[in-house]
Amino acid sequence: MIRAMIVEDEEQIRNILKKMIEKTSDCEVVSSCGNFAAAISDFIKLRPDVVFMDIDLSGESGLECAKAITEVDPKVKIVFATAHSEYMANAFEIYAFDYLVKPFDLERIGKTLGRIKSMTAEKDTEAKAEGSFDKLVIRGKEEINLIDTKDILMIERTDGISRIVTRDETFLTSSSLSSIQEKLDPDKFMRCHKSYIIRVEAVKKLEVYGRWTYTVTLKGTDETALMTSEKYNEMKQKLVF
C-alpha cells in the first residue's frame, strides 16, 4: 500500500486530489493539510511514502516545506502539484520525483503513482540502494540540465571541475565527486580513482597503466578513466573477467 500525503492550501483542490489518488489501487491518503507547520507535524507522525506538495501555501513556500520534509526522511517521494510551472527547475533541485501542473489529469497521477509502486516493489525484491536518484540536476552558467543517471558512463574531476560524460554529451559542474557519488546507486557506479567515477557495466577493457593503476576503456565513448589496483580487486569480486 502506497501512503500519500497532500499539502495544498485550497480545500477544494485537496479533496479533488485525494479522490484522484485513491482511484489508484493500493494507494491511500493518510494526511491532507494546508500549511507548512501542519505538513511537518503530520509527516513526522505518519511518515507517508509520497507527498503531493503545492508550491505556494498561502504565502508560505512549498519548496522550503519540501526541503524540510526531505531532511526528516531523504527517501520520501516529493511530487509537486501546482499551477506554477516556472518553478520546475527549482523543484528538481530538491530531487522532486515528479512535477504535476494544474489542472490535474487522473491518468497522469495514476502513472506517477504506478512508478512509485514499481520502485517500491523493486526495493522489496532487490534491496535497491538508498539515497540514489533517477536524475541529477546540474546547474550551468546559463542553464539547468536534468541528466538521467542511467545515461552516465563516467565522471572525471580535474582542475576543480567535474565532467559528467553520458552516451550523447558531456556536462560540466563545480559539484565535487563525493557530492555526486552520494546521489548515484553504488551497485551501478564505482569511485574507481580519486579523480573518477565509472559505471561498472560500461567497462569494456582494463589495461595496466602503472604498478598500482589501470586504464579503463568504456563502452559507448572514446573517454578513458583510471582505476587503482585496490578498486580493481574490489570490482573482480563483482564481475567475472
# chains A, B, ... in the order shown; residues from 1 in each chain; ligands from 1
$ select_by_dssp --residues "stretch 34-240 of chain A" --states "alpha helix (DSSP H)" --output "number ranges by chain"
A: 36-46, 62-72, 88-93, 106-126, 177-181, 229-236
$ write_last_selection --atoms "C-alpha atoms" --output "PDB file, in the first residue's frame"
ATOM      1  CA  PHE A  36       3.809  24.412   6.427  1.00  0.00           C
ATOM      2  CA  ALA A  37       3.502  23.662  10.159  1.00  0.00           C
ATOM      3  CA  ALA A  38       0.737  21.070   9.788  1.00  0.00           C
ATOM      4  CA  ALA A  39       2.647  19.393   6.951  1.00  0.00           C
ATOM      5  CA  ILE A  40       5.815  18.939   9.021  1.00  0.00           C
ATOM      6  CA  SER A  41       3.850  17.746  12.063  1.00  0.00           C
ATOM      7  CA  ASP A  42       1.795  15.197  10.092  1.00  0.00           C
ATOM      8  CA  PHE A  43       4.815  13.970   8.167  1.00  0.00           C
ATOM      9  CA  ILE A  44       6.795  13.269  11.333  1.00  0.00           C
ATOM     10  CA  LYS A  45       3.859  11.374  12.855  1.00  0.00           C
ATOM     11  CA  LEU A  46       2.694   9.453   9.771  1.00  0.00           C
ATOM     12  CA  GLY A  62       6.165  24.708  -0.698  1.00  0.00           C
ATOM     13  CA  LEU A  63       9.783  24.357  -1.862  1.00  0.00           C
ATOM     14  CA  GLU A  64      11.050  25.123   1.648  1.00  0.00           C
ATOM     15  CA  CYS A  65       8.447  22.778   3.120  1.00  0.00           C
ATOM     16  CA  ALA A  66       9.641  20.004   0.801  1.00  0.00           C
ATOM     17  CA  LYS A  67      13.261  20.633   1.833  1.00  0.00           C
ATOM     18  CA  ALA A  68      12.287  20.340   5.500  1.00  0.00           C
ATOM     19  CA  ILE A  69      10.408  17.095   4.846  1.00  0.00           C
ATOM     20  CA  THR A  70      13.319  15.535   2.936  1.00  0.00           C
ATOM     21  CA  GLU A  71      15.625  16.415   5.827  1.00  0.00           C
ATOM     22  CA  VAL A  72      13.375  14.289   8.044  1.00  0.00           C
ATOM     23  CA  MET A  88      10.079  23.225 -12.141  1.00  0.00           C
ATOM     24  CA  ALA A  89      13.885  23.597 -12.212  1.00  0.00           C
ATOM     25  CA  ASN A  90      13.993  24.649  -8.551  1.00  0.00           C
ATOM     26  CA  ALA A  91      11.739  21.736  -7.647  1.00  0.00           C
ATOM     27  CA  PHE A  92      14.054  19.196  -9.271  1.00  0.00           C
ATOM     28  CA  GLU A  93      16.998  20.667  -7.373  1.00  0.00           C
ATOM     29  CA  LEU A 106      -6.262  11.411 -13.483  1.00  0.00           C
ATOM     30  CA  GLU A 107      -4.235   9.290 -15.900  1.00  0.00           C
ATOM     31  CA  ARG A 108      -1.090  11.332 -15.254  1.00  0.00           C
ATOM     32  CA  ILE A 109      -1.447  10.953 -11.466  1.00  0.00           C
ATOM     33  CA  GLY A 110      -2.054   7.241 -11.944  1.00  0.00           C
ATOM     34  CA  LYS A 111       1.187   6.903 -13.929  1.00  0.00           C
ATOM     35  CA  THR A 112       3.154   8.743 -11.245  1.00  0.00           C
ATOM     36  CA  LEU A 113       1.776   6.502  -8.507  1.00  0.00           C
ATOM     37  CA  GLY A 114       2.363   3.466 -10.700  1.00  0.00           C
ATOM     38  CA  ARG A 115       6.048   4.370 -10.984  1.00  0.00           C
ATOM     39  CA  ILE A 116       6.285   4.722  -7.208  1.00  0.00           C
ATOM     40  CA  LYS A 117       4.610   1.337  -6.719  1.00  0.00           C
ATOM     41  CA  SER A 118       7.046  -0.266  -9.174  1.00  0.00           C
ATOM     42  CA  MET A 119      10.037   1.266  -7.424  1.00  0.00           C
ATOM     43  CA  THR A 120       8.744   0.102  -4.061  1.00  0.00           C
ATOM     44  CA  ALA A 121       8.365  -3.423  -5.411  1.00  0.00           C
ATOM     45  CA  GLU A 122      11.920  -3.338  -6.793  1.00  0.00           C
ATOM     46  CA  LYS A 123      13.274  -2.254  -3.431  1.00  0.00           C
ATOM     47  CA  ASP A 124      11.466  -5.095  -1.715  1.00  0.00           C
ATOM     48  CA  THR A 125      12.938  -7.686  -4.062  1.00  0.00           C
ATOM     49  CA  GLU A 126      16.307  -6.219  -4.996  1.00  0.00           C
ATOM     50  CA  LEU A 177      32.798  13.865  -6.984  1.00  0.00           C
ATOM     51  CA  SER A 178      31.784  12.981  -3.440  1.00  0.00           C
ATOM     52  CA  SER A 179      28.560  15.002  -3.610  1.00  0.00           C
ATOM     53  CA  ILE A 180      27.679  13.456  -6.973  1.00  0.00           C
ATOM     54  CA  GLN A 181      28.536   9.942  -5.773  1.00  0.00           C
ATOM     55  CA  SER A 229      44.629  -1.740  -8.056  1.00  0.00           C
ATOM     56  CA  GLU A 230      42.583  -1.724  -4.849  1.00  0.00           C
ATOM     57  CA  LYS A 231      39.414  -0.867  -6.783  1.00  0.00           C
ATOM     58  CA  TYR A 232      40.343  -3.411  -9.457  1.00  0.00           C
ATOM     59  CA  ASN A 233      40.376  -6.153  -6.815  1.00  0.00           C
ATOM     60  CA  GLU A 234      37.076  -4.866  -5.454  1.00  0.00           C
ATOM     61  CA  MET A 235      35.494  -4.998  -8.913  1.00  0.00           C
ATOM     62  CA  LYS A 236      36.798  -8.532  -9.550  1.00  0.00           C
TER      63      LYS A 236
END
$ atom_distance --atom1 "atom CA of A:Arg199" --atom2 "atom CA of A:Thr166"
10.2 Å
$ atom_distance --atom1 "atom CA of A:Ser175" --atom2 "atom CA of A:Ala81"
28.6 Å
$ atom_distance --atom1 "atom CA of A:Val79" --atom2 "atom CA of A:Leu100"
7.2 Å
$ residues_around --residues "A:Ile13" --least-positions-apart "3" --cutoff "12 Å" --atoms "only C-alpha atoms" --output "MDAnalysis selection string"
chainID A and resid 6:10 16:20 32:34 52:54 81:83 102:104
$ write_last_selection --atoms "N, CA and C atoms" --output "PDB file, in the first residue's frame"
ATOM      1  N   ILE A   6      -1.097  14.995   1.194  1.00  0.00           N
ATOM      2  CA  ILE A   6      -1.363  16.149   0.337  1.00  0.00           C
ATOM      3  C   ILE A   6      -1.117  17.421   1.133  1.00  0.00           C
ATOM      4  N   VAL A   7      -0.317  18.328   0.565  1.00  0.00           N
ATOM      5  CA  VAL A   7      -0.086  19.639   1.184  1.00  0.00           C
ATOM      6  C   VAL A   7      -0.528  20.688   0.164  1.00  0.00           C
ATOM      7  N   GLU A   8      -1.685  21.274   0.410  1.00  0.00           N
ATOM      8  CA  GLU A   8      -2.338  22.187  -0.545  1.00  0.00           C
ATOM      9  C   GLU A   8      -3.218  23.151   0.253  1.00  0.00           C
ATOM     10  N   ASP A   9      -3.088  24.461  -0.019  1.00  0.00           N
ATOM     11  CA  ASP A   9      -3.810  25.428   0.804  1.00  0.00           C
ATOM     12  C   ASP A   9      -5.285  25.591   0.432  1.00  0.00           C
ATOM     13  N   GLU A  10      -5.713  25.066  -0.731  1.00  0.00           N
ATOM     14  CA  GLU A  10      -7.125  25.169  -1.122  1.00  0.00           C
ATOM     15  C   GLU A  10      -7.832  23.837  -0.846  1.00  0.00           C
ATOM     16  N   ILE A  16     -10.201  17.134  -4.384  1.00  0.00           N
ATOM     17  CA  ILE A  16     -10.118  16.593  -5.751  1.00  0.00           C
ATOM     18  C   ILE A  16      -8.901  15.685  -5.878  1.00  0.00           C
ATOM     19  N   LEU A  17      -7.767  16.165  -5.384  1.00  0.00           N
ATOM     20  CA  LEU A  17      -6.534  15.389  -5.481  1.00  0.00           C
ATOM     21  C   LEU A  17      -6.633  14.093  -4.685  1.00  0.00           C
ATOM     22  N   LYS A  18      -7.264  14.155  -3.525  1.00  0.00           N
ATOM     23  CA  LYS A  18      -7.451  12.956  -2.697  1.00  0.00           C
ATOM     24  C   LYS A  18      -8.249  11.897  -3.456  1.00  0.00           C
ATOM     25  N   LYS A  19      -9.345  12.317  -4.094  1.00  0.00           N
ATOM     26  CA  LYS A  19     -10.172  11.363  -4.851  1.00  0.00           C
ATOM     27  C   LYS A  19      -9.381  10.754  -6.001  1.00  0.00           C
ATOM     28  N   MET A  20      -8.561  11.586  -6.684  1.00  0.00           N
ATOM     29  CA  MET A  20      -7.761  11.083  -7.804  1.00  0.00           C
ATOM     30  C   MET A  20      -6.728  10.060  -7.336  1.00  0.00           C
ATOM     31  N   SER A  32      -4.067  15.224   4.825  1.00  0.00           N
ATOM     32  CA  SER A  32      -4.387  16.293   3.885  1.00  0.00           C
ATOM     33  C   SER A  32      -4.383  17.605   4.665  1.00  0.00           C
ATOM     34  N   CYS A  33      -3.413  18.456   4.398  1.00  0.00           N
ATOM     35  CA  CYS A  33      -3.279  19.684   5.190  1.00  0.00           C
ATOM     36  C   CYS A  33      -2.937  20.871   4.303  1.00  0.00           C
ATOM     37  N   GLY A  34      -3.028  22.083   4.895  1.00  0.00           N
ATOM     38  CA  GLY A  34      -2.941  23.276   4.071  1.00  0.00           C
ATOM     39  C   GLY A  34      -1.845  24.252   4.412  1.00  0.00           C
ATOM     40  N   PHE A  52       2.361  14.978  -2.045  1.00  0.00           N
ATOM     41  CA  PHE A  52       1.941  15.857  -3.134  1.00  0.00           C
ATOM     42  C   PHE A  52       1.938  17.279  -2.583  1.00  0.00           C
ATOM     43  N   MET A  53       2.820  18.113  -3.098  1.00  0.00           N
ATOM     44  CA  MET A  53       3.103  19.413  -2.493  1.00  0.00           C
ATOM     45  C   MET A  53       2.809  20.574  -3.451  1.00  0.00           C
ATOM     46  N   ASP A  54       2.017  21.549  -2.984  1.00  0.00           N
ATOM     47  CA  ASP A  54       1.812  22.776  -3.741  1.00  0.00           C
ATOM     48  C   ASP A  54       3.021  23.680  -3.538  1.00  0.00           C
ATOM     49  N   ALA A  81       2.644  19.476  -7.066  1.00  0.00           N
ATOM     50  CA  ALA A  81       1.356  19.561  -7.763  1.00  0.00           C
ATOM     51  C   ALA A  81       0.903  21.015  -7.677  1.00  0.00           C
ATOM     52  N   THR A  82       1.072  21.773  -8.748  1.00  0.00           N
ATOM     53  CA  THR A  82       0.946  23.222  -8.654  1.00  0.00           C
ATOM     54  C   THR A  82       0.565  23.848  -9.984  1.00  0.00           C
ATOM     55  N   ALA A  83       0.136  25.095  -9.936  1.00  0.00           N
ATOM     56  CA  ALA A  83      -0.157  25.857 -11.155  1.00  0.00           C
ATOM     57  C   ALA A  83       1.080  26.582 -11.655  1.00  0.00           C
ATOM     58  N   LYS A 102      -1.424  22.013 -12.622  1.00  0.00           N
ATOM     59  CA  LYS A 102      -2.883  22.110 -12.638  1.00  0.00           C
ATOM     60  C   LYS A 102      -3.354  22.596 -14.013  1.00  0.00           C
ATOM     61  N   PRO A 103      -4.555  22.164 -14.465  1.00  0.00           N
ATOM     62  CA  PRO A 103      -5.469  21.209 -13.814  1.00  0.00           C
ATOM     63  C   PRO A 103      -4.929  19.785 -13.909  1.00  0.00           C
ATOM     64  N   PHE A 104      -5.128  19.010 -12.852  1.00  0.00           N
ATOM     65  CA  PHE A 104      -4.557  17.677 -12.775  1.00  0.00           C
ATOM     66  C   PHE A 104      -5.308  16.695 -13.656  1.00  0.00           C
TER      67      PHE A 104
END
$ residues_around --residues "A:Thr215" --least-positions-apart "2" --cutoff "10 Å" --atoms "only C-alpha atoms" --output "list in words"
Lys205, Leu206, Glu207, Val208, Tyr209, Gly210, Thr213, Thr217, Leu218, Thr224, Ala225, Leu226, Met227 and Thr228 of chain A
$ closest_residue --among "A:Met154, A:Ile164, A:Ile144, A:Ala96" --to "A:Val200" --atoms "only C-alpha atoms"
A:Met154
$ residues_around --residues "A:Asn145" --least-positions-apart "2" --cutoff "10 Å" --atoms "only C-alpha atoms" --output "PyMOL selection string"
chain A and resi 89+135-140+143+147-148+171
$ write_last_selection --atoms "N, CA and C atoms" --output "compact mmCIF listing (two decimals), in the first residue's frame"
# COMPACT_ATOMS: atom_id res chain seq x y z
N ALA A 89 12.44 23.82 -12.40
CA ALA A 89 13.88 23.60 -12.21
C ALA A 89 14.25 23.62 -10.74
N LYS A 135 17.63 11.09 -11.52
CA LYS A 135 18.14 12.24 -12.27
C LYS A 135 19.13 13.03 -11.42
N LEU A 136 20.11 13.63 -12.11
CA LEU A 136 20.98 14.61 -11.48
C LEU A 136 20.61 15.98 -12.02
N VAL A 137 20.57 16.98 -11.15
CA VAL A 137 20.32 18.35 -11.56
C VAL A 137 21.65 19.08 -11.58
N ILE A 138 22.07 19.52 -12.76
CA ILE A 138 23.35 20.19 -12.93
C ILE A 138 23.10 21.61 -13.41
N ARG A 139 23.51 22.57 -12.59
CA ARG A 139 23.31 23.98 -12.94
C ARG A 139 24.56 24.53 -13.63
N GLY A 140 24.38 25.04 -14.86
CA GLY A 140 25.46 25.69 -15.58
C GLY A 140 25.37 27.19 -15.42
N GLU A 143 22.09 27.72 -17.82
CA GLU A 143 21.03 26.72 -17.95
C GLU A 143 21.09 25.72 -16.81
N ILE A 147 19.93 15.31 -15.87
CA ILE A 147 20.62 14.20 -16.50
C ILE A 147 20.09 12.88 -15.96
N ASP A 148 19.67 11.99 -16.85
CA ASP A 148 19.25 10.64 -16.43
C ASP A 148 20.49 9.88 -15.98
N PHE A 171 28.66 17.16 -19.62
CA PHE A 171 28.20 18.28 -18.81
C PHE A 171 29.30 18.65 -17.81
$ select_by_dssp --residues "stretch 46-237 of chain A" --states "strand (DSSP E)" --output "PyMOL selection string"
chain A and resi 50-53+56-57+60-61+77-82+98-101+135-139+144-148+152-158+161-166+170-173+189-193+196-199+203-208+213-218+224-228
$ write_last_selection --atoms "C-alpha atoms" --output "mmCIF file, in the first residue's frame"
data_model
loop_
_atom_site.group_PDB
_atom_site.id
_atom_site.type_symbol
_atom_site.label_atom_id
_atom_site.label_comp_id
_atom_site.auth_asym_id
_atom_site.auth_seq_id
_atom_site.Cartn_x
_atom_site.Cartn_y
_atom_site.Cartn_z
ATOM 1 C CA VAL A 50 4.873 10.221 -1.137
ATOM 2 C CA VAL A 51 3.964 13.874 -0.575
ATOM 3 C CA PHE A 52 1.941 15.857 -3.134
ATOM 4 C CA MET A 53 3.103 19.413 -2.493
ATOM 5 C CA ASP A 56 2.501 28.356 -2.886
ATOM 6 C CA LEU A 57 0.929 27.637 0.515
ATOM 7 C CA GLU A 60 4.473 30.077 2.542
ATOM 8 C CA SER A 61 6.981 28.257 0.337
ATOM 9 C CA LYS A 77 8.981 10.910 -2.856
ATOM 10 C CA ILE A 78 8.052 14.561 -3.400
ATOM 11 C CA VAL A 79 5.541 15.255 -6.183
ATOM 12 C CA PHE A 80 4.974 18.956 -6.752
ATOM 13 C CA ALA A 81 1.356 19.561 -7.763
ATOM 14 C CA THR A 82 0.946 23.222 -8.654
ATOM 15 C CA ASP A 98 7.639 14.404 -10.358
ATOM 16 C CA TYR A 99 6.041 17.759 -11.184
ATOM 17 C CA LEU A 100 2.326 17.996 -11.997
ATOM 18 C CA VAL A 101 0.749 21.193 -13.321
ATOM 19 C CA LYS A 135 18.140 12.235 -12.270
ATOM 20 C CA LEU A 136 20.981 14.611 -11.484
ATOM 21 C CA VAL A 137 20.315 18.349 -11.562
ATOM 22 C CA ILE A 138 23.353 20.186 -12.934
ATOM 23 C CA ARG A 139 23.310 23.976 -12.944
ATOM 24 C CA ILE A 144 19.950 23.870 -15.718
ATOM 25 C CA ASN A 145 20.371 20.314 -17.019
ATOM 26 C CA LEU A 146 18.479 17.254 -15.782
ATOM 27 C CA ILE A 147 20.623 14.199 -16.501
ATOM 28 C CA ASP A 148 19.252 10.644 -16.429
ATOM 29 C CA ILE A 152 26.001 8.398 -17.261
ATOM 30 C CA LEU A 153 29.158 6.492 -18.243
ATOM 31 C CA MET A 154 31.876 8.333 -16.361
ATOM 32 C CA ILE A 155 32.561 11.382 -14.183
ATOM 33 C CA GLU A 156 36.031 12.945 -14.095
ATOM 34 C CA ARG A 157 37.290 15.593 -11.655
ATOM 35 C CA THR A 158 40.027 17.894 -12.935
ATOM 36 C CA ILE A 161 35.517 20.919 -12.410
ATOM 37 C CA SER A 162 33.584 17.652 -12.696
ATOM 38 C CA ARG A 163 32.931 16.375 -16.231
ATOM 39 C CA ILE A 164 29.861 14.151 -16.480
ATOM 40 C CA VAL A 165 30.117 12.005 -19.607
ATOM 41 C CA THR A 166 26.874 10.461 -20.910
ATOM 42 C CA THR A 170 29.262 15.982 -21.660
ATOM 43 C CA PHE A 171 28.203 18.284 -18.807
ATOM 44 C CA LEU A 172 30.386 20.446 -16.567
ATOM 45 C CA THR A 173 29.699 21.249 -12.910
ATOM 46 C CA PHE A 189 28.679 3.183 -10.038
ATOM 47 C CA MET A 190 32.168 2.924 -8.563
ATOM 48 C CA ARG A 191 34.613 5.571 -7.340
ATOM 49 C CA CYS A 192 37.496 3.789 -9.059
ATOM 50 C CA HIS A 193 40.094 6.507 -8.515
ATOM 51 C CA TYR A 196 36.993 9.191 -11.461
ATOM 52 C CA ILE A 197 33.585 7.584 -11.019
ATOM 53 C CA ILE A 198 32.591 4.981 -13.612
ATOM 54 C CA ARG A 199 29.500 2.990 -14.486
ATOM 55 C CA VAL A 203 33.634 -1.196 -18.505
ATOM 56 C CA LYS A 204 34.926 -2.646 -21.781
ATOM 57 C CA LYS A 205 38.632 -3.194 -21.161
ATOM 58 C CA LEU A 206 41.307 -2.736 -18.485
ATOM 59 C CA GLU A 207 44.975 -2.181 -19.278
ATOM 60 C CA VAL A 208 47.951 -1.915 -16.943
ATOM 61 C CA THR A 213 46.933 1.710 -11.712
ATOM 62 C CA TYR A 214 44.851 0.559 -14.684
ATOM 63 C CA THR A 215 43.416 2.406 -17.660
ATOM 64 C CA VAL A 216 39.684 1.763 -18.115
ATOM 65 C CA THR A 217 38.118 1.767 -21.587
ATOM 66 C CA LEU A 218 34.360 2.312 -21.510
ATOM 67 C CA THR A 224 39.047 6.569 -20.619
ATOM 68 C CA ALA A 225 39.317 6.554 -16.821
ATOM 69 C CA LEU A 226 41.888 5.434 -14.273
ATOM 70 C CA MET A 227 41.387 2.680 -11.689
ATOM 71 C CA THR A 228 43.536 1.847 -8.686
#
$ closest_residue --among "A:Met1, A:Ala202, A:Ser58, A:Glu11" --to "A:Val30" --atoms "only C-alpha atoms"
A:Met1
$ residues_around --residues "A:Asp26" --least-positions-apart "2" --cutoff "7 Å" --atoms "only C-alpha atoms" --output "list in words"
Met1, Ile2, Thr24 and Glu28 of chain A
$ closest_residue --among "A:Ser25, A:Gln237, A:Asn35, A:Ser176" --to "A:Gly160" --atoms "only C-alpha atoms"
A:Ser176
